file upload.txt (compact mmCIF, C-alpha atoms and all ligand atoms)
# COMPACT_ATOMS: atom_id res chain seq x y z
CA MET A 864 8.81 0.36 24.33
CA LEU A 865 9.40 1.38 20.70
CA LYS A 866 9.68 5.14 20.26
CA VAL A 867 8.00 6.22 17.02
CA GLY A 868 8.03 9.45 15.02
CA LEU A 869 5.73 10.13 12.05
CA ILE A 870 6.41 12.61 9.25
CA GLY A 871 3.70 13.95 6.91
CA VAL A 872 0.58 14.52 8.99
CA GLY A 873 -1.87 14.57 6.06
CA GLY A 874 -4.53 12.24 4.65
CA ILE A 875 -3.04 8.78 5.23
CA SER A 876 -1.53 9.64 8.60
CA GLY A 877 -5.13 9.57 9.84
CA ALA A 878 -5.07 5.81 9.27
CA HIS A 879 -1.58 5.25 10.76
CA ILE A 880 -1.75 7.37 13.92
CA PRO A 881 -4.64 5.48 15.62
CA CYS A 882 -2.85 2.18 14.92
CA TRP A 883 0.31 3.34 16.67
CA GLU A 884 -1.76 4.77 19.52
CA GLN A 885 -3.46 1.40 20.10
CA MET A 886 -0.21 -0.55 20.43
CA GLU A 887 0.97 -1.40 23.93
CA ASP A 888 4.61 -1.84 23.02
CA ALA A 889 5.03 1.35 20.96
CA GLU A 890 4.65 5.03 21.70
CA LEU A 891 4.13 7.71 19.07
CA VAL A 892 6.25 10.45 20.62
CA ALA A 893 6.82 12.93 17.79
CA LEU A 894 5.20 14.34 14.67
CA CYS A 895 6.68 16.36 11.84
CA ASP A 896 4.94 18.49 9.22
CA ILE A 897 5.71 21.75 7.48
CA ARG A 898 2.15 22.87 8.33
CA PRO A 899 1.96 23.25 12.13
CA GLU A 900 -1.86 23.23 12.04
CA GLN A 901 -1.81 19.60 10.87
CA MET A 902 -0.34 18.51 14.21
CA LYS A 903 -2.77 20.49 16.43
CA PRO A 904 -5.30 17.64 16.72
CA TYR A 905 -2.63 15.54 18.46
CA PRO A 906 -1.78 17.24 21.78
CA GLY A 907 0.96 15.66 23.83
CA LYS A 908 3.20 14.91 20.85
CA ARG A 909 6.45 16.77 20.34
CA CYS A 910 6.12 18.62 17.02
CA TYR A 911 8.77 19.45 14.42
CA ALA A 912 8.90 21.32 11.14
CA SER A 913 11.74 19.35 9.55
CA LEU A 914 13.01 15.77 9.53
CA THR A 915 16.55 16.83 10.43
CA GLU A 916 15.24 18.69 13.47
CA MET A 917 13.17 15.68 14.58
CA LEU A 918 15.96 13.13 14.08
CA ASP A 919 18.46 15.33 15.95
CA ALA A 920 16.17 15.99 18.91
CA GLU A 921 14.58 12.55 19.34
CA GLU A 922 15.99 9.10 19.95
CA LEU A 923 13.56 7.30 17.66
CA ASP A 924 13.43 3.57 17.06
CA ILE A 925 11.02 3.93 14.13
CA LEU A 926 10.18 6.63 11.60
CA ASP A 927 6.82 6.29 9.83
CA ILE A 928 6.94 8.19 6.52
CA CYS A 929 3.58 9.51 5.27
CA LEU A 930 5.08 12.26 3.10
CA PRO A 931 4.14 12.98 -0.51
CA THR A 932 5.57 10.29 -2.77
CA TYR A 933 8.48 12.26 -4.30
CA LEU A 934 9.95 12.83 -0.79
CA HIS A 935 9.90 9.18 0.35
CA ALA A 936 13.30 7.95 -0.80
CA ASP A 937 15.48 10.78 0.54
CA ALA A 938 13.63 10.88 3.87
CA ALA A 939 13.98 7.10 4.23
CA VAL A 940 17.73 7.15 3.53
CA GLN A 941 18.28 10.07 5.92
CA ALA A 942 16.57 8.20 8.78
CA LEU A 943 18.16 4.82 7.97
CA GLU A 944 21.62 6.45 8.01
CA LYS A 945 20.83 7.61 11.55
CA GLY A 946 20.13 4.01 12.58
CA VAL A 947 16.34 4.46 12.66
CA HIS A 948 14.02 1.69 11.36
CA VAL A 949 11.71 2.98 8.63
CA LEU A 950 8.15 2.18 7.60
CA CYS A 951 7.29 4.12 4.43
CA GLU A 952 3.99 4.65 2.66
CA LYS A 953 3.63 3.43 -0.91
CA PRO A 954 5.09 3.91 -3.45
CA ILE A 955 8.67 3.54 -2.24
CA SER A 956 9.60 5.99 -5.03
CA LEU A 957 8.82 6.78 -8.65
CA LYS A 958 12.31 5.59 -9.63
CA THR A 959 13.34 1.92 -9.62
CA GLU A 960 16.95 2.73 -8.71
CA ASP A 961 15.83 4.11 -5.33
CA VAL A 962 14.89 0.59 -4.18
CA ALA A 963 18.54 -0.57 -4.12
CA ARG A 964 19.66 2.76 -2.62
CA ILE A 965 17.21 2.46 0.28
CA TYR A 966 17.80 -1.22 1.02
CA ALA A 967 21.57 -0.66 0.89
CA ALA A 968 21.21 2.08 3.53
CA ALA A 969 19.11 -0.25 5.70
CA GLU A 970 21.65 -3.06 5.42
CA ARG A 971 24.63 -0.76 6.07
CA ASN A 972 23.03 0.51 9.26
CA HIS A 973 21.57 -2.83 10.42
CA VAL A 974 18.02 -1.53 10.52
CA THR A 975 14.70 -2.66 9.06
CA PHE A 976 12.90 -1.00 6.16
CA MET A 977 9.43 -1.77 4.79
CA VAL A 978 7.04 -0.18 2.33
CA ALA A 979 3.46 -0.14 3.57
CA GLN A 980 1.88 -2.02 0.67
CA VAL A 981 -1.35 -2.44 2.55
CA LEU A 982 -3.15 -4.99 0.35
CA ARG A 983 -0.60 -7.58 1.44
CA PHE A 984 -2.13 -7.21 4.92
CA TRP A 985 -5.79 -6.86 3.84
CA PRO A 986 -7.85 -9.91 4.88
CA GLU A 987 -9.87 -10.16 1.60
CA TYR A 988 -6.70 -10.09 -0.50
CA GLU A 989 -4.87 -12.48 1.87
CA PHE A 990 -7.84 -14.81 1.38
CA VAL A 991 -7.29 -14.89 -2.40
CA LYS A 992 -3.57 -15.52 -2.00
CA GLN A 993 -4.34 -18.42 0.33
CA LEU A 994 -6.76 -19.95 -2.19
CA TYR A 995 -4.11 -19.58 -4.88
CA ASP A 996 -1.34 -21.08 -2.68
CA THR A 997 -3.43 -24.00 -1.38
CA GLY A 998 -5.32 -24.77 -4.60
CA LYS A 999 -8.51 -25.16 -2.54
CA TYR A 1000 -10.66 -24.38 -5.61
CA GLY A 1001 -8.22 -25.67 -8.21
CA LYS A 1002 -6.09 -23.52 -10.46
CA LEU A 1003 -6.60 -19.82 -11.04
CA LEU A 1004 -8.03 -19.19 -14.53
CA SER A 1005 -8.52 -15.43 -14.66
CA GLY A 1006 -8.87 -12.30 -12.57
CA THR A 1007 -10.17 -8.75 -12.64
CA MET A 1008 -9.09 -6.03 -10.23
CA THR A 1009 -10.50 -2.50 -10.11
CA ARG A 1010 -9.74 0.69 -8.20
CA LEU A 1011 -11.77 3.71 -9.23
CA GLY A 1012 -12.16 7.16 -7.74
CA ASN A 1013 -11.44 10.79 -8.45
CA LEU A 1014 -8.40 13.04 -8.17
CA PRO A 1015 -7.80 13.54 -4.42
CA ALA A 1016 -8.81 17.11 -3.67
CA TRP A 1017 -7.15 17.27 -0.25
CA SER A 1018 -3.47 16.84 -1.06
CA TRP A 1019 -1.05 19.45 0.24
CA ASP A 1020 -0.05 21.92 -2.54
CA ASN A 1021 -2.11 19.73 -4.92
CA TRP A 1022 0.99 17.53 -5.29
CA MET A 1023 -1.16 14.53 -6.32
CA ALA A 1024 -2.09 16.27 -9.58
CA ASP A 1025 1.58 16.75 -10.50
CA GLU A 1026 2.96 13.77 -12.42
CA LYS A 1027 6.55 14.46 -11.35
CA ARG A 1028 5.57 14.36 -7.67
CA SER A 1029 2.88 11.64 -7.56
CA GLY A 1030 3.16 9.59 -10.76
CA LEU A 1031 -0.65 9.99 -11.09
CA VAL A 1032 -2.98 6.96 -11.32
CA PRO A 1033 -0.35 4.29 -12.09
CA PHE A 1034 1.72 5.10 -8.98
CA ASP A 1035 -1.08 6.26 -6.72
CA LEU A 1036 -3.91 3.76 -7.34
CA HIS A 1037 -2.99 0.99 -9.76
CA ILE A 1038 0.15 0.24 -7.71
CA HIS A 1039 -2.02 -1.37 -5.02
CA ASP A 1040 -3.45 -4.02 -7.36
CA LEU A 1041 -0.24 -4.54 -9.33
CA ASP A 1042 1.77 -4.95 -6.12
CA PHE A 1043 -0.72 -7.54 -4.91
CA MET A 1044 -0.42 -9.45 -8.21
CA VAL A 1045 3.39 -9.51 -8.06
CA TYR A 1046 3.27 -10.54 -4.38
CA ALA A 1047 0.69 -13.30 -4.91
CA PHE A 1048 1.43 -14.56 -8.44
CA GLY A 1049 5.00 -13.49 -9.22
CA LYS A 1050 6.38 -11.47 -12.11
CA PRO A 1051 4.10 -11.30 -15.17
CA VAL A 1052 5.47 -12.69 -18.43
CA ASP A 1053 4.20 -9.68 -20.34
CA ALA A 1054 1.74 -6.82 -20.12
CA ALA A 1055 -0.57 -4.81 -22.38
CA ARG A 1056 -1.74 -1.33 -21.40
CA CYS A 1057 -3.90 1.54 -22.47
CA ARG A 1058 -4.42 4.89 -20.82
CA THR A 1059 -6.58 7.97 -21.33
CA ARG A 1060 -5.35 11.20 -19.75
CA ARG A 1061 -6.82 14.68 -19.53
CA GLU A 1062 -5.83 17.51 -17.19
CA ASP A 1063 -8.41 16.51 -14.57
CA GLN A 1064 -8.75 12.76 -15.18
CA ASP A 1065 -6.64 9.69 -15.71
CA HIS A 1066 -7.88 6.21 -16.62
CA LEU A 1067 -5.91 3.06 -17.35
CA MET A 1068 -6.54 -0.54 -18.25
CA ALA A 1069 -3.88 -3.20 -18.10
CA GLN A 1070 -3.68 -6.88 -18.80
CA TYR A 1071 -0.97 -8.94 -17.09
CA ASN A 1072 -0.13 -12.34 -18.49
CA PHE A 1073 1.16 -14.79 -15.87
CA GLY A 1074 1.51 -17.71 -18.28
CA ASP A 1075 -1.35 -19.92 -17.09
CA PHE A 1076 -3.76 -17.05 -16.54
CA THR A 1077 -4.30 -13.35 -17.21
CA ILE A 1078 -5.34 -10.62 -14.80
CA HIS A 1079 -7.19 -7.62 -16.14
CA SER A 1080 -6.98 -4.44 -14.08
CA GLU A 1081 -8.59 -1.00 -14.27
CA ALA A 1082 -7.82 2.15 -12.28
CA ALA A 1083 -9.08 5.70 -12.59
CA TRP A 1084 -9.35 9.18 -11.26
CA TYR A 1085 -12.58 10.27 -12.94
CA ALA A 1086 -13.41 13.99 -13.20
CA PRO A 1087 -16.71 14.08 -11.28
CA GLN A 1088 -16.01 14.59 -7.57
CA SER A 1089 -19.36 12.88 -6.94
CA PHE A 1090 -17.96 9.56 -8.20
CA ASN A 1091 -17.50 7.49 -5.05
CA PHE A 1092 -14.30 5.55 -4.57
CA ASN A 1093 -14.66 1.82 -5.00
CA ALA A 1094 -12.26 -1.08 -5.29
CA GLY A 1095 -12.81 -4.77 -5.74
CA PHE A 1096 -11.87 -7.95 -7.51
CA ARG A 1097 -13.20 -11.08 -9.19
CA PHE A 1098 -11.05 -14.21 -9.40
CA GLN A 1099 -12.10 -17.25 -11.40
CA PHE A 1100 -10.74 -20.56 -10.11
CA GLU A 1101 -11.53 -23.97 -11.63
CA LYS A 1102 -14.10 -24.71 -8.91
CA ALA A 1103 -15.25 -21.30 -7.68
CA VAL A 1104 -15.54 -17.61 -8.50
CA VAL A 1105 -14.45 -15.29 -5.68
CA VAL A 1106 -15.78 -11.73 -5.67
CA SER A 1107 -15.06 -8.73 -3.48
CA GLY A 1108 -17.67 -6.04 -4.15
CA HIS A 1109 -20.79 -4.40 -2.81
CA GLU A 1110 -21.89 -7.63 -1.08
CA GLY A 1111 -18.56 -8.05 0.70
CA LEU A 1112 -16.45 -11.12 -0.01
CA VAL A 1113 -18.47 -13.87 -1.72
CA VAL A 1114 -17.46 -17.32 -2.95
CA TYR A 1115 -19.64 -18.83 -5.67
CA GLU A 1116 -18.80 -22.55 -5.50
CA LYS A 1117 -19.16 -24.65 -8.63
CA ASP A 1118 -20.67 -27.56 -6.73
CA GLY A 1119 -22.20 -25.57 -3.90
CA GLY A 1120 -23.89 -22.34 -3.20
CA LYS A 1121 -23.12 -18.72 -2.69
CA ILE A 1122 -21.11 -18.22 0.51
CA HIS A 1123 -20.53 -14.89 2.24
CA VAL A 1124 -17.03 -15.26 3.67
CA GLY A 1125 -16.76 -14.24 7.32
CA SER A 1126 -20.51 -14.61 7.97
CA PRO A 1127 -21.73 -17.53 10.15
CA GLU A 1128 -22.48 -19.57 6.97
CA GLY A 1129 -18.96 -18.84 5.71
CA GLU A 1130 -17.38 -19.84 8.99
CA SER A 1131 -19.27 -23.15 9.04
CA ALA A 1132 -17.92 -23.80 5.52
CA GLY A 1133 -14.39 -23.06 6.76
CA LEU A 1134 -14.29 -19.71 4.95
CA ASP A 1135 -13.38 -17.34 7.74
CA LEU A 1136 -12.24 -13.73 7.45
CA PRO A 1137 -10.58 -12.05 10.44
CA ALA A 1138 -12.16 -8.69 11.23
CA THR A 1139 -8.84 -6.87 11.31
CA ASN A 1140 -7.70 -3.46 10.13
CA ALA A 1141 -5.15 -3.83 7.34
CA TYR A 1142 -3.23 -0.70 8.41
CA ALA A 1143 -2.97 -2.06 11.97
CA ASN A 1144 -1.85 -5.43 10.56
CA GLU A 1145 0.96 -3.91 8.49
CA ILE A 1146 2.16 -1.71 11.36
CA ARG A 1147 2.04 -4.66 13.82
CA TYR A 1148 4.00 -6.85 11.40
CA PHE A 1149 6.67 -4.18 10.91
CA ALA A 1150 7.01 -3.50 14.66
CA ASP A 1151 7.39 -7.25 15.31
CA CYS A 1152 10.17 -7.49 12.71
CA VAL A 1153 11.94 -4.53 14.34
CA LYS A 1154 11.64 -6.11 17.79
CA GLN A 1155 13.02 -9.41 16.51
CA GLY A 1156 15.78 -7.72 14.51
CA ILE A 1157 14.75 -9.46 11.27
CA PRO A 1158 14.10 -8.13 7.75
CA ALA A 1159 10.46 -7.29 7.02
CA ASP A 1160 10.57 -9.62 4.04
CA LYS A 1161 6.86 -9.97 3.43
CA VAL A 1162 7.67 -7.03 1.09
CA LYS A 1163 10.75 -7.89 -0.95
CA PRO A 1164 12.92 -5.35 -2.80
CA CYS A 1165 12.92 -7.39 -6.03
CA GLN A 1166 9.10 -7.29 -6.03
CA LEU A 1167 9.14 -3.51 -5.54
CA GLU A 1168 11.56 -3.15 -8.47
CA THR A 1169 9.34 -5.29 -10.69
CA VAL A 1170 6.30 -3.17 -9.83
CA LEU A 1171 8.09 0.15 -10.45
CA ASP A 1172 9.46 -1.07 -13.79
CA LEU A 1173 5.95 -2.12 -14.89
CA LEU A 1174 4.45 1.19 -13.74
CA ASN A 1175 7.12 3.21 -15.50
CA ALA A 1176 6.03 1.58 -18.78
CA PHE A 1177 2.69 3.48 -18.68
N1 LIG B 1 -1.83 3.04 1.61
C1 LIG B 1 -2.85 3.80 1.28
O1 LIG B 1 -3.99 3.35 1.25
C2 LIG B 1 -2.61 5.25 0.97
C3 LIG B 1 -3.70 6.12 0.86
C4 LIG B 1 -3.43 7.49 0.65
C5 LIG B 1 -2.12 7.92 0.46
N2 LIG B 1 -1.09 7.04 0.53
C6 LIG B 1 0.29 7.50 0.35
O2 LIG B 1 0.65 8.31 1.45
C7 LIG B 1 1.48 9.38 1.05
C8 LIG B 1 0.87 10.69 1.54
O3 LIG B 1 -0.39 10.90 0.92
P1 LIG B 1 -1.50 11.82 1.61
O4 LIG B 1 -2.75 11.59 0.86
O5 LIG B 1 -1.49 11.63 3.08
O6 LIG B 1 -0.91 13.28 1.24
P2 LIG B 1 -1.24 14.67 1.96
O7 LIG B 1 -0.88 15.75 1.00
O8 LIG B 1 -2.63 14.64 2.53
O9 LIG B 1 -0.25 14.67 3.22
C9 LIG B 1 1.14 14.90 3.09
C10 LIG B 1 1.60 15.75 4.29
O10 LIG B 1 3.01 15.94 4.19
C11 LIG B 1 3.30 17.28 4.59
N3 LIG B 1 4.61 17.65 4.04
C12 LIG B 1 4.90 18.01 2.75
N4 LIG B 1 6.22 18.23 2.63
C13 LIG B 1 6.78 18.01 3.84
C14 LIG B 1 8.11 18.07 4.34
N5 LIG B 1 9.15 18.37 3.55
N6 LIG B 1 8.31 17.79 5.65
C15 LIG B 1 7.28 17.49 6.48
N7 LIG B 1 6.00 17.42 6.05
C16 LIG B 1 5.75 17.67 4.75
C17 LIG B 1 2.13 18.09 4.09
O11 LIG B 1 1.99 19.30 4.81
C18 LIG B 1 0.97 17.13 4.33
O12 LIG B 1 0.36 17.35 5.59
C19 LIG B 1 1.59 9.29 -0.47
O13 LIG B 1 2.83 8.74 -0.83
C20 LIG B 1 0.46 8.37 -0.89
O14 LIG B 1 0.78 7.57 -2.02
C21 LIG B 1 -1.32 5.72 0.80
call {"tool": "encode", "arguments": {"input": "upload.txt", "output": "structure tokens", "more": "lines below"}}
Ligand SMILES: NC(=O)c1ccc[n+]([C@@H]2O[C@H](COP(=O)([O-])OP(=O)(O)OC[C@H]3O[C@@H](n4cnc5c(N)ncnc54)[C@H](O)[C@@H]3O)[C@@H](O)[C@H]2O)c1
result
Amino acid sequence: MLKVGLIGVGGISGAHIPCWEQMEDAELVALCDIRPEQMKPYPGKRCYASLTEMLDAEELDILDICLPTYLHADAAVQALEKGVHVLCEKPISLKTEDVARIYAAAERNHVTFMVAQVLRFWPEYEFVKQLYDTGKYGKLLSGTMTRLGNLPAWSWDNWMADEKRSGLVPFDLHIHDLDFMVYAFGKPVDAARCRTRREDQDHLMAQYNFGDFTIHSEAAWYAPQSFNFNAGFRFQFEKAVVVSGHEGLVVYEKDGGKIHVGSPEGESAGLDLPATNAYANEIRYFADCVKQGIPADKVKPCQLETVLDLLNAF
């Protein structure tokens, strides 16, 4: 049984905790947060106010880091140096040099480290990567990826609004789509960017040139709190356009019809979509790597460095 501790019991921990709780071969034994009230909804867990305290008192196999971004790297290294495997929320850090520092600590201590870049485990995005890898609809010609919302109002100490602590929209939102691009299509040849920033809003557009095709991407925290979060994509292949939007995942085939992937019509056309939770998928994958004693190399350090370098150019 893997013994797990989680630090940073805020917004995203609400997605991680149920996943750990559902696993039969792992037990979430301890939580850590500087705000004791955050841990109250989880009776039965041992609670700590600092990472040092938790690492000293517990014999953890895994630490799940859900802390604010600027605290990720130091917390990861501290746990890795204690021989604890680490799963860390995105972004790994705001600084590219932290990638080598963290992976060196993991290697030195013979433990596994992974950043929870969740789109790599998201069925709709996996579907696009598979189409790209197999060439089922021919070559990729273009793509558009969007991720739009408003400045998160819930963050502890409003850290999300502080560029030095969160990196704002590039590192909080756009990172998801850029990380997927680098994972699926490799390192872009070049990039063009524009960004509009005000105190309470941040909008960016970027165009990544992959040689044979270009991906256009947009991300925003708009000012109105009434603007509902939405994310999606549109990929144009030679023989189909694939869209993730308000209708779910749809394939518009050049020589066929409009197919809703994952519906009975999609399944009969061989376009299936597993009904899985991406957060559970990433946590399961990481736990399996830990159990097998292998690197969690679905997320590679060189890819993380590429993404951070591109984000730091905004
Ligand atoms: N993968 C995703 O879809 C996704 C979504 C949201 C957030 N995130 C990432 O998750 C991380 C956390 O974001 P959030 O929205 O949950 O933030 P949050 O502010 O809601 O939660 C952070 C928690 O950390 C606690 N904390 C702060 N300093 C601490 C310390 N020194 N020791 C212990 N606890 C401390 C705070 O009290 C708070 O409860 C960020 O890096 C963010 O980028 C990922």
call {"tool": "residues_around", "arguments": {"input": "upload.txt", "residues": "region 976-984 of chain A", "least_positions_apart": "2", "cutoff": "7 Å", "atoms": "all atoms listed in the file", "output": "PyMOL selection string"}}
result
chain A and resi 948-953+955+969+974+986+988-989+1039+1043+1141-1142+1144-1145+1159+1162
call {"tool": "write_last_selection", "arguments": {"input": "upload.txt", "atoms": "C-alpha atoms", "output": "mmCIF file, in the coordinates of the input"}}
result
data_model
loop_
_atom_site.group_PDB
_atom_site.id
_atom_site.type_symbol
_atom_site.label_atom_id
_atom_site.label_comp_id
_atom_site.auth_asym_id
_atom_site.auth_seq_id
_atom_site.Cartn_x
_atom_site.Cartn_y
_atom_site.Cartn_z
ATOM 1 C CA HIS A 948 14.020 1.690 11.360
ATOM 2 C CA VAL A 949 11.710 2.980 8.630
ATOM 3 C CA LEU A 950 8.150 2.180 7.600
ATOM 4 C CA CYS A 951 7.290 4.120 4.430
ATOM 5 C CA GLU A 952 3.990 4.650 2.660
ATOM 6 C CA LYS A 953 3.630 3.430 -0.910
ATOM 7 C CA ILE A 955 8.670 3.540 -2.240
ATOM 8 C CA ALA A 969 19.110 -0.250 5.700
ATOM 9 C CA VAL A 974 18.020 -1.530 10.520
ATOM 10 C CA PRO A 986 -7.850 -9.910 4.880
ATOM 11 C CA TYR A 988 -6.700 -10.090 -0.500
ATOM 12 C CA GLU A 989 -4.870 -12.480 1.870
ATOM 13 C CA HIS A 1039 -2.020 -1.370 -5.020
ATOM 14 C CA PHE A 1043 -0.720 -7.540 -4.910
ATOM 15 C CA ALA A 1141 -5.150 -3.830 7.340
ATOM 16 C CA TYR A 1142 -3.230 -0.700 8.410
ATOM 17 C CA ASN A 1144 -1.850 -5.430 10.560
ATOM 18 C CA GLU A 1145 0.960 -3.910 8.490
ATOM 19 C CA ALA A 1159 10.460 -7.290 7.020
ATOM 20 C CA VAL A 1162 7.670 -7.030 1.090
#
call {"tool": "atom_distance", "arguments": {"input": "upload.txt", "atom1": "CA of Gly1125 (chain A)", "atom2": "CA of Tyr995 (chain A)"}}
result
18.4 Å
call {"tool": "atom_distance", "arguments": {"input": "upload.txt", "atom1": "CA of Leu1041 (chain A)", "atom2": "CA of Gly877 (chain A)"}}
result
24.3 Å
call {"tool": "residues_around", "arguments": {"input": "upload.txt", "residues": "Gly1074 (chain A)", "least_positions_apart": "6", "cutoff": "12 Å", "atoms": "all atoms listed in the file", "output": "number ranges by chain"}}
result
A: 1003-1005, 1048-1054
call {"tool": "write_last_selection", "arguments": {"input": "upload.txt", "atoms": "C-alpha atoms", "output": "compact mmCIF listing (two decimals), keeping the file's coordinate frame"}}
result
# COMPACT_ATOMS: atom_id res chain seq x y z
CA LEU A 1003 -6.60 -19.82 -11.04
CA LEU A 1004 -8.03 -19.19 -14.53
CA SER A 1005 -8.52 -15.43 -14.66
CA PHE A 1048 1.43 -14.56 -8.44
CA GLY A 1049 5.00 -13.49 -9.22
CA LYS A 1050 6.38 -11.47 -12.11
CA PRO A 1051 4.10 -11.30 -15.17
CA VAL A 1052 5.47 -12.69 -18.43
CA ASP A 1053 4.20 -9.68 -20.34
CA ALA A 1054 1.74 -6.82 -20.12
call {"tool": "residues_near_ligand", "arguments": {"input": "upload.txt", "ligand": "ligand LIG 1 (chain B)", "cutoff": "8 Å", "atoms": "all atoms listed in the file", "output": "PyMOL selection string"}}
result
chain A and resi 870-877+895-898+901+912-914+928-935+952-955+979-981+1015+1017-1023+1029+1034-1035+1039+1142
call {"tool": "residues_near_point", "arguments": {"input": "upload.txt", "point": "(8.2, 18.1, 19.7)", "cutoff": "8 Å", "atoms": "only C-alpha atoms", "output": "PyMOL selection string"}}
result
chain A and resi 892-894+908-911+917
call {"tool": "residues_around", "arguments": {"input": "upload.txt", "residues": "Gly1156 (chain A)", "least_positions_apart": "3", "cutoff": "8 Å", "atoms": "only C-alpha atoms", "output": "JSON, numbers by chain"}}
result
{"A": [974, 975, 1152, 1153]}
call {"tool": "residues_around", "arguments": {"input": "upload.txt", "residues": "Cys1165 (chain A)", "least_positions_apart": "4", "cutoff": "9 Å", "atoms": "only C-alpha atoms", "output": "list in words"}}
result
Val962, Thr1169 and Val1170 of chain A
call {"tool": "closest_residue", "arguments": {"input": "upload.txt", "among": "A:Tyr1071, A:Phe1092, A:Phe1149, A:Trp985", "to": "Leu1173 (chain A)", "atoms": "all atoms listed in the file"}}
result
A:Tyr1071
call {"tool": "atom_distance", "arguments": {"input": "upload.txt", "atom1": "CA of Ile1122 (chain A)", "atom2": "CA of Leu1134 (chain A)"}}
result
8.3 Å
call {"tool": "closest_residue", "arguments": {"input": "upload.txt", "among": "A:Thr1139, A:Thr1059, A:Asn1072, A:Thr1009", "to": "Arg1097 (chain A)", "atoms": "all atoms listed in the file"}}
result
A:Thr1009
call {"tool": "closest_atom_pairs", "arguments": {"input": "upload.txt", "of": "region 955-1058 of chain A", "to": "region 1085-1090 of chain A", "cutoff": "10 Å", "atoms": "only C-alpha atoms", "output": "tab-separated table"}}
result
residue	atom	partner	partner_atom	distance
A:Leu1011	CA	A:Tyr1085	CA	7.6
A:Gly1012	CA	A:Tyr1085	CA	6.1
A:Asn1013	CA	A:Tyr1085	CA	4.7
A:Leu1014	CA	A:Tyr1085	CA	6.9
A:Pro1015	CA	A:Gln1088	CA	8.9
A:Ala1016	CA	A:Gln1088	CA	8.6
call {"tool": "residues_around", "arguments": {"input": "upload.txt", "residues": "Leu1112 (chain A)", "least_positions_apart": "4", "cutoff": "7 Å", "atoms": "all atoms listed in the file", "output": "list in words"}}
result
Glu987, Val1106, Ser1107, Gly1108, His1123 and Val1124 of chain A
call {"tool": "closest_residue", "arguments": {"input": "upload.txt", "among": "A:Lys992, A:Arg1010, A:His1066, A:Lys1154", "to": "Phe1096 (chain A)", "atoms": "all atoms listed in the file"}}
result
A:Arg1010
call {"tool": "closest_residue", "arguments": {"input": "upload.txt", "among": "A:Ser1080, A:Gln993, A:Asn1091, A:Ser1126", "to": "Tyr1046 (chain A)", "atoms": "only C-alpha atoms"}}
result
A:Gln993
call {"tool": "closest_residue", "arguments": {"input": "upload.txt", "among": "A:Asp919, A:Asp961, A:Asp924, A:Glu1128", "to": "Glu890 (chain A)", "atoms": "all atoms listed in the file"}}
result
A:Asp924
call {"tool": "closest_residue", "arguments": {"input": "upload.txt", "among": "A:Ala1138, A:Ala1150, A:Leu1031, A:Met902", "to": "Asp888 (chain A)", "atoms": "all atoms listed in the file"}}
result
A:Ala1150
call {"tool": "axis_aligned_box", "arguments": {"input": "upload.txt", "around": "region 1134-1152 of chain A", "padding_each_side": "5 Å", "output": "lines of an AutoDock Vina configuration file"}}
result
center_x = -2.1
center_y = -10.2
center_z = 10.1
size_x = 34.5
size_y = 29.0
size_z = 20.4
call {"tool": "decode", "arguments": {"input": "upload.txt", "residues": "region 1011-1030 of chain A", "atoms": "C-alpha atoms", "output": "PDB file, in the first residue's frame"}}
result
ATOM      1  CA  LEU A1011     -10.577  31.499 -21.389  1.00  0.00           C
ATOM      2  CA  GLY A1012     -11.804  32.446 -17.943  1.00  0.00           C
ATOM      3  CA  ASN A1013     -11.387  35.082 -15.275  1.00  0.00           C
ATOM      4  CA  LEU A1014      -8.859  35.747 -12.529  1.00  0.00           C
ATOM      5  CA  PRO A1015      -9.410  33.010  -9.908  1.00  0.00           C
ATOM      6  CA  ALA A1016     -11.031  34.716  -6.938  1.00  0.00           C
ATOM      7  CA  TRP A1017     -10.434  31.874  -4.483  1.00  0.00           C
ATOM      8  CA  SER A1018      -6.652  31.687  -4.280  1.00  0.00           C
ATOM      9  CA  TRP A1019      -5.045  31.869  -0.850  1.00  0.00           C
ATOM     10  CA  ASP A1020      -3.637  35.389  -0.162  1.00  0.00           C
ATOM     11  CA  ASN A1021      -4.647  36.253  -3.760  1.00  0.00           C
ATOM     12  CA  TRP A1022      -1.312  34.754  -4.869  1.00  0.00           C
ATOM     13  CA  MET A1023      -2.682  34.088  -8.377  1.00  0.00           C
ATOM     14  CA  ALA A1024      -2.877  37.838  -9.053  1.00  0.00           C
ATOM     15  CA  ASP A1025       0.812  38.294  -8.198  1.00  0.00           C
ATOM     16  CA  GLU A1026       3.045  37.807 -11.235  1.00  0.00           C
ATOM     17  CA  LYS A1027       6.071  36.832  -9.134  1.00  0.00           C
ATOM     18  CA  ARG A1028       4.122  34.024  -7.451  1.00  0.00           C
ATOM     19  CA  SER A1029       1.877  32.714 -10.260  1.00  0.00           C
ATOM     20  CA  GLY A1030       3.305  33.964 -13.569  1.00  0.00           C
TER      21      GLY A1030
END
